file entry31.cif (mmCIF, C-alpha atoms)
data_model
#
loop_
_atom_site.label_atom_id
_atom_site.label_comp_id
_atom_site.auth_asym_id
_atom_site.auth_seq_id
_atom_site.Cartn_x
_atom_site.Cartn_y
_atom_site.Cartn_z
CA MET O 144 -20.10 10.51 26.66
CA GLY O 145 -21.46 10.87 30.16
CA GLY O 146 -21.06 9.79 33.72
CA GLY O 147 -17.29 9.99 33.57
CA SER O 148 -17.08 7.31 30.86
CA THR O 149 -14.61 7.52 28.02
CA ALA O 150 -14.93 6.65 24.35
CA VAL O 151 -11.21 5.95 24.01
CA GLU O 152 -9.85 2.42 24.19
CA ARG O 153 -6.06 2.27 24.24
CA ILE O 154 -4.41 -0.73 22.57
CA ALA O 155 -0.66 -1.33 22.47
CA LEU O 156 0.51 -3.21 19.39
CA ASP O 157 3.10 -3.11 16.62
CA ALA O 158 1.41 -1.36 13.68
CA GLY O 159 3.95 -3.00 11.40
CA ARG O 160 2.25 -6.36 12.02
CA THR O 161 -0.52 -6.05 9.48
CA ASP O 162 -2.59 -9.04 10.61
CA GLU O 163 -2.67 -7.89 14.23
CA LEU O 164 -3.50 -4.34 13.24
CA ALA O 165 -6.28 -5.45 10.89
CA THR O 166 -7.82 -7.46 13.72
CA ALA O 167 -7.70 -4.41 16.01
CA LEU O 168 -9.32 -2.26 13.31
CA ALA O 169 -12.21 -4.63 12.67
CA GLY O 170 -15.46 -2.68 12.70
CA ALA O 171 -13.81 0.73 12.31
CA THR O 172 -15.32 3.15 9.82
CA THR O 173 -12.38 5.59 9.68
CA VAL O 174 -8.70 5.15 10.50
CA LEU O 175 -6.59 8.21 11.32
CA ASN O 176 -2.90 7.51 10.78
CA ALA O 177 -0.79 9.94 12.84
CA VAL O 178 2.17 7.61 13.45
CA MET O 179 5.74 8.84 13.04
CA THR O 180 8.98 7.00 13.58
CA ALA O 181 12.18 8.60 14.85
CA TYR O 182 12.95 11.57 12.58
CA HIS O 183 16.39 10.36 11.51
CA THR O 184 15.05 6.91 10.52
CA TRP O 185 12.27 7.95 8.13
CA PRO O 186 13.72 6.54 4.88
CA GLU O 187 14.21 3.14 6.52
CA THR O 188 11.17 2.86 8.77
CA MET O 189 8.26 4.92 7.45
CA PRO O 190 7.52 3.13 4.12
CA SER O 191 6.97 -0.33 5.58
CA LEU O 192 5.02 0.99 8.57
CA PHE O 193 2.66 3.07 6.44
CA ALA O 194 2.24 0.20 3.98
CA SER O 195 1.11 -1.96 6.89
CA VAL O 196 -1.41 0.62 8.15
CA LEU O 197 -2.74 1.12 4.62
CA ALA O 198 -3.15 -2.62 4.04
CA ALA O 199 -4.79 -3.20 7.44
CA THR O 200 -7.22 -0.32 6.87
CA ALA O 201 -8.18 -1.68 3.45
CA ARG O 202 -8.69 -5.14 4.96
CA ALA O 203 -10.95 -3.64 7.63
CA GLY O 204 -13.02 -1.86 4.98
CA ALA O 205 -12.46 1.53 6.61
CA ASP O 206 -11.72 4.98 5.23
CA TYR O 207 -8.14 6.20 5.65
CA VAL O 208 -6.99 9.65 6.82
CA MET O 209 -3.23 10.29 6.84
CA LEU O 210 -1.47 13.04 8.76
CA GLY O 211 1.33 14.40 6.59
CA ASN O 212 3.38 17.56 6.20
CA HIS O 213 4.74 19.94 3.56
CA TYR O 214 8.06 18.21 2.87
CA GLY O 215 6.87 16.50 -0.29
CA TYR O 216 6.36 19.63 -2.36
CA GLN O 217 8.69 20.96 -5.00
CA GLN O 218 10.76 23.86 -3.70
CA THR O 219 9.11 27.10 -4.78
CA THR O 220 9.24 30.80 -4.01
CA GLY O 221 5.47 31.25 -3.96
CA PRO O 222 2.79 29.96 -1.58
CA VAL O 223 2.42 26.17 -1.57
CA THR O 224 -1.04 24.83 -2.45
CA GLU O 225 -2.35 21.27 -2.53
CA ARG O 226 -1.77 21.40 -6.29
CA THR O 227 1.93 22.27 -6.04
CA SER O 228 4.00 19.54 -7.69
CA MET O 229 5.13 16.69 -5.45
CA ALA O 230 8.74 16.77 -6.64
CA PRO O 231 10.89 17.04 -3.48
CA HIS O 232 14.68 17.31 -3.54
CA THR O 233 15.28 15.94 -0.03
CA ARG O 234 15.31 12.39 1.37
CA LYS O 235 12.56 13.02 3.88
CA GLY O 236 10.53 14.89 1.28
CA ARG O 237 10.73 11.92 -1.06
CA VAL O 238 9.54 9.65 1.74
CA ARG O 239 6.49 11.82 2.39
CA ALA O 240 5.67 12.11 -1.32
CA GLU O 241 5.91 8.36 -1.79
CA LEU O 242 3.68 7.62 1.20
CA TRP O 243 0.98 9.80 -0.34
CA ARG O 244 1.52 8.34 -3.82
CA GLN O 245 0.93 4.82 -2.52
CA ALA O 246 -2.18 5.83 -0.61
CA LYS O 247 -3.60 7.74 -3.57
CA GLU O 248 -2.92 4.77 -5.84
CA ALA O 249 -4.91 2.54 -3.49
CA HIS O 250 -7.74 5.08 -3.60
CA ASP O 251 -7.71 5.30 -7.39
CA GLU O 252 -7.79 1.50 -7.63
CA GLY O 253 -10.88 1.41 -5.41
CA ARG O 254 -9.26 -0.48 -2.53
CA LEU O 255 -10.35 2.17 0.01
CA ARG O 256 -11.08 5.89 0.30
CA VAL O 257 -8.07 8.03 1.19
CA THR O 258 -7.29 11.62 2.15
CA GLU O 259 -4.39 13.42 3.83
CA VAL O 260 -4.13 16.45 6.12
CA ARG O 261 -0.79 18.22 5.77
CA ALA O 262 0.53 20.27 8.67
CA GLY O 263 3.55 22.50 9.21
CA GLN O 264 5.88 23.15 12.14
CA TYR O 265 3.85 22.55 15.27
CA LEU O 266 2.85 24.88 18.09
CA GLY O 267 0.58 24.08 21.02
CA PRO O 268 -0.18 21.11 23.30
CA GLY O 269 2.00 18.11 22.57
CA ALA O 270 3.95 19.94 19.89
CA VAL O 271 7.47 18.75 19.08
CA SER O 272 9.21 21.15 16.72
CA VAL O 273 12.30 23.30 16.39
CA PHE O 274 10.41 26.11 18.11
CA THR O 275 9.26 24.03 21.07
CA LEU O 276 12.61 22.29 21.49
CA LEU O 277 15.07 25.12 20.96
CA VAL O 278 13.33 28.45 21.25
CA ALA O 279 10.43 28.32 23.71
CA PRO O 280 12.30 27.03 26.80
CA ARG O 281 15.07 29.61 26.41
CA VAL O 282 12.70 32.50 25.77
CA ARG O 283 10.63 31.70 28.86
CA GLU O 284 13.81 31.78 30.97
CA GLY O 285 15.07 34.99 29.38
CA GLU O 286 18.09 33.22 27.88
CA LEU O 287 19.70 33.34 24.44
CA ALA O 288 17.80 31.09 22.01
CA LEU O 289 19.46 29.50 19.00
CA VAL O 290 17.13 29.29 16.00
CA HIS O 291 17.25 27.19 12.87
CA GLY O 292 17.30 29.54 9.88
CA ASN O 293 16.26 33.16 9.52
CA PRO O 294 14.16 34.30 12.51
CA ASP O 295 12.58 37.04 10.38
CA ALA O 296 11.46 34.83 7.47
CA ALA O 297 7.71 34.29 7.30
CA HIS O 298 6.70 30.70 8.01
CA SER O 299 3.43 28.78 8.22
CA PHE O 300 2.97 27.07 11.58
CA SER O 301 0.30 24.58 12.63
CA TYR O 302 -1.46 24.63 16.01
CA THR O 303 -1.98 21.07 17.21
CA GLU O 304 -5.62 21.69 18.15
CA ASP O 305 -6.32 23.06 14.64
CA VAL O 306 -4.72 20.00 13.07
CA ALA O 307 -6.87 17.70 15.21
CA ALA O 308 -9.98 19.61 14.13
CA ALA O 309 -8.92 19.28 10.49
CA LEU O 310 -8.42 15.52 10.80
CA MET O 311 -11.87 15.11 12.30
CA ALA O 312 -13.50 17.35 9.70
CA VAL O 313 -12.09 15.62 6.62
CA GLY O 314 -12.64 12.17 8.10
CA GLY O 315 -16.37 12.76 8.35
CA ASP O 316 -17.13 14.51 5.08
CA GLU O 317 -17.89 13.03 1.65
CA ARG O 318 -16.02 15.87 -0.08
CA SER O 319 -12.68 14.91 1.43
CA TRP O 320 -11.64 11.77 -0.39
CA GLY O 321 -9.04 11.31 -3.09
CA ARG O 322 -7.02 14.44 -2.36
CA ALA O 323 -4.92 16.19 0.29
CA TRP O 324 -5.84 19.19 2.45
CA HIS O 325 -3.68 21.75 4.22
CA ALA O 326 -4.50 22.14 7.88
CA PRO O 327 -5.16 25.78 8.84
CA VAL O 328 -1.89 27.64 9.26
CA ILE O 329 -0.65 30.54 11.39
CA THR O 330 1.72 32.57 9.24
CA THR O 331 4.27 34.49 11.27
CA THR O 332 7.99 34.65 11.98
CA LEU O 333 10.05 32.94 14.66
CA ARG O 334 10.89 36.34 16.09
CA ARG O 335 7.22 37.34 16.36
CA ALA O 336 6.35 34.03 18.00
CA ALA O 337 9.27 34.34 20.41
CA THR O 338 8.34 37.94 21.24
CA ASP O 339 4.71 37.05 21.94
CA LEU O 340 5.79 34.09 24.07
CA ALA O 341 8.10 36.32 26.11
CA GLU O 342 5.31 38.82 26.73
CA LEU O 343 2.95 36.06 27.84
CA HIS O 344 5.49 34.86 30.42
CA GLY O 345 6.71 38.27 31.54
CA ALA O 346 10.16 37.48 30.16
CA PRO O 347 12.53 40.05 28.62
CA GLU O 348 12.66 40.70 24.89
CA PRO O 349 14.00 37.50 23.32
CA ARG O 350 17.56 37.22 22.07
CA LEU O 351 17.77 35.04 18.97
CA GLU O 352 20.83 33.86 17.07
CA PRO O 353 20.98 31.40 14.15
CA LEU O 354 22.34 27.91 14.75
CA THR O 355 25.74 27.44 13.15
CA GLU O 356 27.00 24.24 11.54
CA ARG O 357 29.17 23.77 14.62
CA ASP O 358 26.13 24.11 16.90
CA LEU O 359 24.27 21.45 14.92
CA ALA O 360 27.31 19.18 14.97
CA LEU O 361 27.57 19.44 18.75
CA LEU O 362 23.84 18.84 19.22
CA SER O 363 24.08 15.79 16.96
CA PHE O 364 26.32 14.12 19.51
CA THR O 365 23.42 14.17 21.97
CA ASP O 366 20.64 13.19 19.55
CA PRO O 367 20.78 12.22 15.83
CA LEU O 368 17.63 14.29 15.34
CA TRP O 369 19.69 17.44 15.01
CA ARG O 370 21.84 16.34 12.08
CA GLU O 371 18.67 15.89 10.05
CA PHE O 372 17.84 19.59 10.04
CA ALA O 373 20.40 20.55 7.42
CA GLU O 374 18.54 19.13 4.42
CA MET O 375 15.33 20.95 5.40
CA SER O 376 17.04 24.32 5.83
CA TYR O 377 15.36 25.73 2.73
CA MET O 378 12.09 25.84 4.69
CA SER O 379 13.55 28.04 7.44
CA GLU O 380 16.21 30.19 5.76
CA ARG O 381 13.73 31.93 3.45
CA PRO O 382 9.96 32.51 3.58
CA PHE O 383 7.90 29.32 3.39
CA LEU O 384 4.23 30.09 2.91
CA VAL O 385 1.32 27.66 2.78
CA ASP O 386 -2.10 28.38 1.27
CA ASP O 387 -4.90 26.91 3.43
CA ASN O 388 -7.84 28.37 1.50
CA ASP O 389 -9.21 24.99 0.40
CA ILE O 390 -9.89 23.74 3.92
CA ARG O 391 -11.16 27.17 5.00
CA ASN O 392 -13.61 27.47 2.12
CA THR O 393 -14.76 23.84 2.09
CA PHE O 394 -15.10 23.08 5.79
CA GLY O 395 -15.17 26.54 7.36
CA LEU O 396 -12.04 25.84 9.40
CA LYS O 397 -9.85 28.78 10.41
CA PRO O 398 -6.54 28.89 12.27
CA SER O 399 -6.42 29.87 15.91
CA THR O 400 -4.50 33.01 16.80
CA LEU O 401 -0.79 32.89 17.51
CA ARG O 402 -1.47 33.96 21.10
CA THR O 403 -3.84 31.03 21.58
CA ALA O 404 -1.26 28.57 20.28
CA LEU O 405 1.43 30.00 22.54
CA THR O 406 -0.77 30.33 25.62
CA THR O 407 -1.75 26.67 25.66
#

call {"tool": "encode", "arguments": {"input": "entry31.cif", "output": "structure tokens"}}
result
Amino acid sequence: MGGGSTAVERIALDAGRTDELATALAGATTVLNAVMTAYHTWPETMPSLFASVLAATARAGADYVMLGNHYGYQQTTGPVTERTSMAPHTRKGRVRAELWRQAKEAHDEGRLRVTEVRAGQYLGPGAVSVFTLLVAPRVREGELALVHGNPDAAHSFSYTEDVAAALMAVGGDERSWGRAWHAPVITTTLRRAATDLAELHGAPEPRLEPLTERDLALLSFTDPLWREFAEMSYMSERPFLVDDNDIRNTFGLKPSTLRTALTT
């Protein structure tokens, strides 16, 4: 790029309309699918939307890179790897596992080449997560922050810039296809992240208290998003660790520091 020009062309369309999407994708070599419907509607809205994107990409003759997460794995006490069984016990986990199963099936049948980058709870520019919604604003103001789960349980976070780098890396490499990759993760606790954020903003030491069922019920009256957190509690009440060695060793990608993710 040069002279103030941009390589981005923005197009507004309904990705669920396969014919229109396929027309828009004509000539593309790689399609990155980072769409997400409203959190509480996943079981109803995600399967058909992803099926449309998959079909349109295959029709365009392009490679397909999905952005996923860690919900689809079987609950385990050890670190999750890309080889951990996809046997989720939650509704949203089953949705994510099925989306990948359908894409991998298309790959195995030779309809197109497919890969997936799986990310965790987001930090950084554009991040929407429990931390950015509930914790960060309160910590910056020196107020009590309600947290979902155990604030001292180790968790694997994803910095949005690292996830973007991972999507670009796997989408342009012949070693990527036919399998999933974990985006680089920052393993820390909510309390550590909150403490570092407070220091960066000159705020007092953060005060954290767990969300109660009553808190979630009250929040649910304002947005149905909040009632969806209960089924995913296992990821926040105890340590949830993700192994990102495959993407580190294959592509040389490493996670940014926690301070970097919080500063931006």

call {"tool": "residues_around", "arguments": {"input": "entry31.cif", "residues": "stretch 382-387 of chain O", "least_positions_apart": "6", "cutoff": "12 Å", "atoms": "all atoms listed in the file", "output": "PyMOL selection string"}}
result
chain O and resi 212-214+216-227+260-264+292-301+305-306+309+323-333+375-376+393-398

call {"tool": "atom_distance", "arguments": {"input": "entry31.cif", "atom1": "atom CA of O:Thr173", "atom2": "atom CA of O:Ala205"}}
result
5.1 Å

call {"tool": "closest_residue", "arguments": {"input": "entry31.cif", "among": "O:Met209, O:Ala181, O:Ala246, O:Ala201", "to": "O:Thr166", "atoms": "only C-alpha atoms"}}
result
O:Ala201

call {"tool": "residues_near_point", "arguments": {"input": "entry31.cif", "point": "(-8.6, 7.7, -2.3)", "cutoff": "9 Å", "atoms": "all atoms listed in the file", "output": "MDAnalysis selection string"}}
result
chainID O and resid 206:207 246:258 320:322

call {"tool": "write_last_selection", "arguments": {"input": "entry31.cif", "atoms": "C-alpha atoms", "output": "PDB file, in the frame of the given file"}}
result
ATOM      1  CA  ASP O 206     -11.720   4.980   5.230  1.00  0.00           C
ATOM      2  CA  TYR O 207      -8.140   6.200   5.650  1.00  0.00           C
ATOM      3  CA  ALA O 246      -2.180   5.830  -0.610  1.00  0.00           C
ATOM      4  CA  LYS O 247      -3.600   7.740  -3.570  1.00  0.00           C
ATOM      5  CA  GLU O 248      -2.920   4.770  -5.840  1.00  0.00           C
ATOM      6  CA  ALA O 249      -4.910   2.540  -3.490  1.00  0.00           C
ATOM      7  CA  HIS O 250      -7.740   5.080  -3.600  1.00  0.00           C
ATOM      8  CA  ASP O 251      -7.710   5.300  -7.390  1.00  0.00           C
ATOM      9  CA  GLU O 252      -7.790   1.500  -7.630  1.00  0.00           C
ATOM     10  CA  GLY O 253     -10.880   1.410  -5.410  1.00  0.00           C
ATOM     11  CA  ARG O 254      -9.260  -0.480  -2.530  1.00  0.00           C
ATOM     12  CA  LEU O 255     -10.350   2.170   0.010  1.00  0.00           C
ATOM     13  CA  ARG O 256     -11.080   5.890   0.300  1.00  0.00           C
ATOM     14  CA  VAL O 257      -8.070   8.030   1.190  1.00  0.00           C
ATOM     15  CA  THR O 258      -7.290  11.620   2.150  1.00  0.00           C
ATOM     16  CA  TRP O 320     -11.640  11.770  -0.390  1.00  0.00           C
ATOM     17  CA  GLY O 321      -9.040  11.310  -3.090  1.00  0.00           C
ATOM     18  CA  ARG O 322      -7.020  14.440  -2.360  1.00  0.00           C
TER      19      ARG O 322
END

call {"tool": "closest_residue", "arguments": {"input": "entry31.cif", "among": "O:Gly285, O:Gly170, O:Pro268, O:Pro347", "to": "O:Thr407", "atoms": "all atoms listed in the file"}}
result
O:Pro268

call {"tool": "resolve_selection", "arguments": {"input": "entry31.cif", "expression": "the PyMOL selection byres ((chain O and resi 159) around 9)", "output": "PyMOL selection string"}}
result
chain O and resi 156-158+160-164+191-196

call {"tool": "axis_aligned_box", "arguments": {"input": "entry31.cif", "around": "stretch 378-384 of chain O", "padding_each_side": "5 Å", "output": "JSON"}}
result
{"center_x": 10.2, "center_y": 29.2, "center_z": 5.2, "size_x": 22.0, "size_y": 16.7, "size_z": 14.5}

call {"tool": "closest_residue", "arguments": {"input": "entry31.cif", "among": "O:Leu368, O:Val278, O:Ala171, O:Ala155", "to": "O:Trp185", "atoms": "only C-alpha atoms"}}
result
O:Leu368

call {"tool": "atom_distance", "arguments": {"input": "entry31.cif", "atom1": "atom CA of O:Asp339", "atom2": "atom CA of O:Ala373"}}
result
27.0 Å

call {"tool": "atom_distance", "arguments": {"input": "entry31.cif", "atom1": "atom CA of O:Glu317", "atom2": "atom CA of O:Pro190"}}
result
27.4 Å

call {"tool": "closest_residue", "arguments": {"input": "entry31.cif", "among": "O:Ile154, O:Met179, O:Val174, O:Val282", "to": "O:Gly345", "atoms": "all atoms listed in the file"}}
result
O:Val282

call {"tool": "closest_residue", "arguments": {"input": "entry31.cif", "among": "O:Gly269, O:Leu242, O:Tyr182, O:Val290", "to": "O:Arg370", "atoms": "all atoms listed in the file"}}
result
O:Tyr182

call {"tool": "closest_residue", "arguments": {"input": "entry31.cif", "among": "O:His291, O:Ala270, O:Arg244, O:Val208", "to": "O:Ala312", "atoms": "all atoms listed in the file"}}
result
O:Val208

call {"tool": "residues_near_point", "arguments": {"input": "entry31.cif", "point": "(-0.4, 22.3, 20.0)", "cutoff": "7 Å", "atoms": "all atoms listed in the file", "output": "ChimeraX atom specification"}}
result
/O:265-270,302-304,404

call {"tool": "build_atoms", "arguments": {"input": "entry31.cif", "residues": "stretch 157-168 of chain O", "atoms": "N, CA and C atoms", "output": "short mmCIF file (atom, residue, chain, number, x, y, z; two decimals), in the coordinates of the input"}}
result
data_model
loop_
_atom_site.label_atom_id
_atom_site.label_comp_id
_atom_site.auth_asym_id
_atom_site.auth_seq_id
_atom_site.Cartn_x
_atom_site.Cartn_y
_atom_site.Cartn_z
N ASP O 157 2.15 -3.50 17.66
CA ASP O 157 3.10 -3.11 16.62
C ASP O 157 2.32 -2.91 15.32
N ALA O 158 2.19 -1.66 14.89
CA ALA O 158 1.41 -1.36 13.68
C ALA O 158 2.06 -1.93 12.42
N GLY O 159 3.30 -2.37 12.53
CA GLY O 159 3.95 -3.00 11.40
C GLY O 159 3.51 -4.44 11.18
N ARG O 160 2.79 -5.00 12.14
CA ARG O 160 2.25 -6.36 12.02
C ARG O 160 0.84 -6.24 11.47
N THR O 161 0.72 -6.36 10.17
CA THR O 161 -0.52 -6.05 9.48
C THR O 161 -1.70 -6.88 9.98
N ASP O 162 -1.49 -8.18 10.19
CA ASP O 162 -2.59 -9.04 10.61
C ASP O 162 -3.14 -8.60 11.97
N GLU O 163 -2.24 -8.32 12.91
CA GLU O 163 -2.67 -7.89 14.23
C GLU O 163 -3.40 -6.55 14.17
N LEU O 164 -2.88 -5.66 13.36
CA LEU O 164 -3.50 -4.34 13.24
C LEU O 164 -4.87 -4.45 12.60
N ALA O 165 -4.99 -5.27 11.56
CA ALA O 165 -6.28 -5.45 10.89
C ALA O 165 -7.32 -6.00 11.85
N THR O 166 -6.91 -6.91 12.72
CA THR O 166 -7.82 -7.46 13.72
C THR O 166 -8.29 -6.36 14.68
N ALA O 167 -7.35 -5.50 15.10
CA ALA O 167 -7.70 -4.41 16.01
C ALA O 167 -8.62 -3.39 15.35
N LEU O 168 -8.51 -3.25 14.03
CA LEU O 168 -9.32 -2.26 13.31
C LEU O 168 -10.68 -2.79 12.88
#
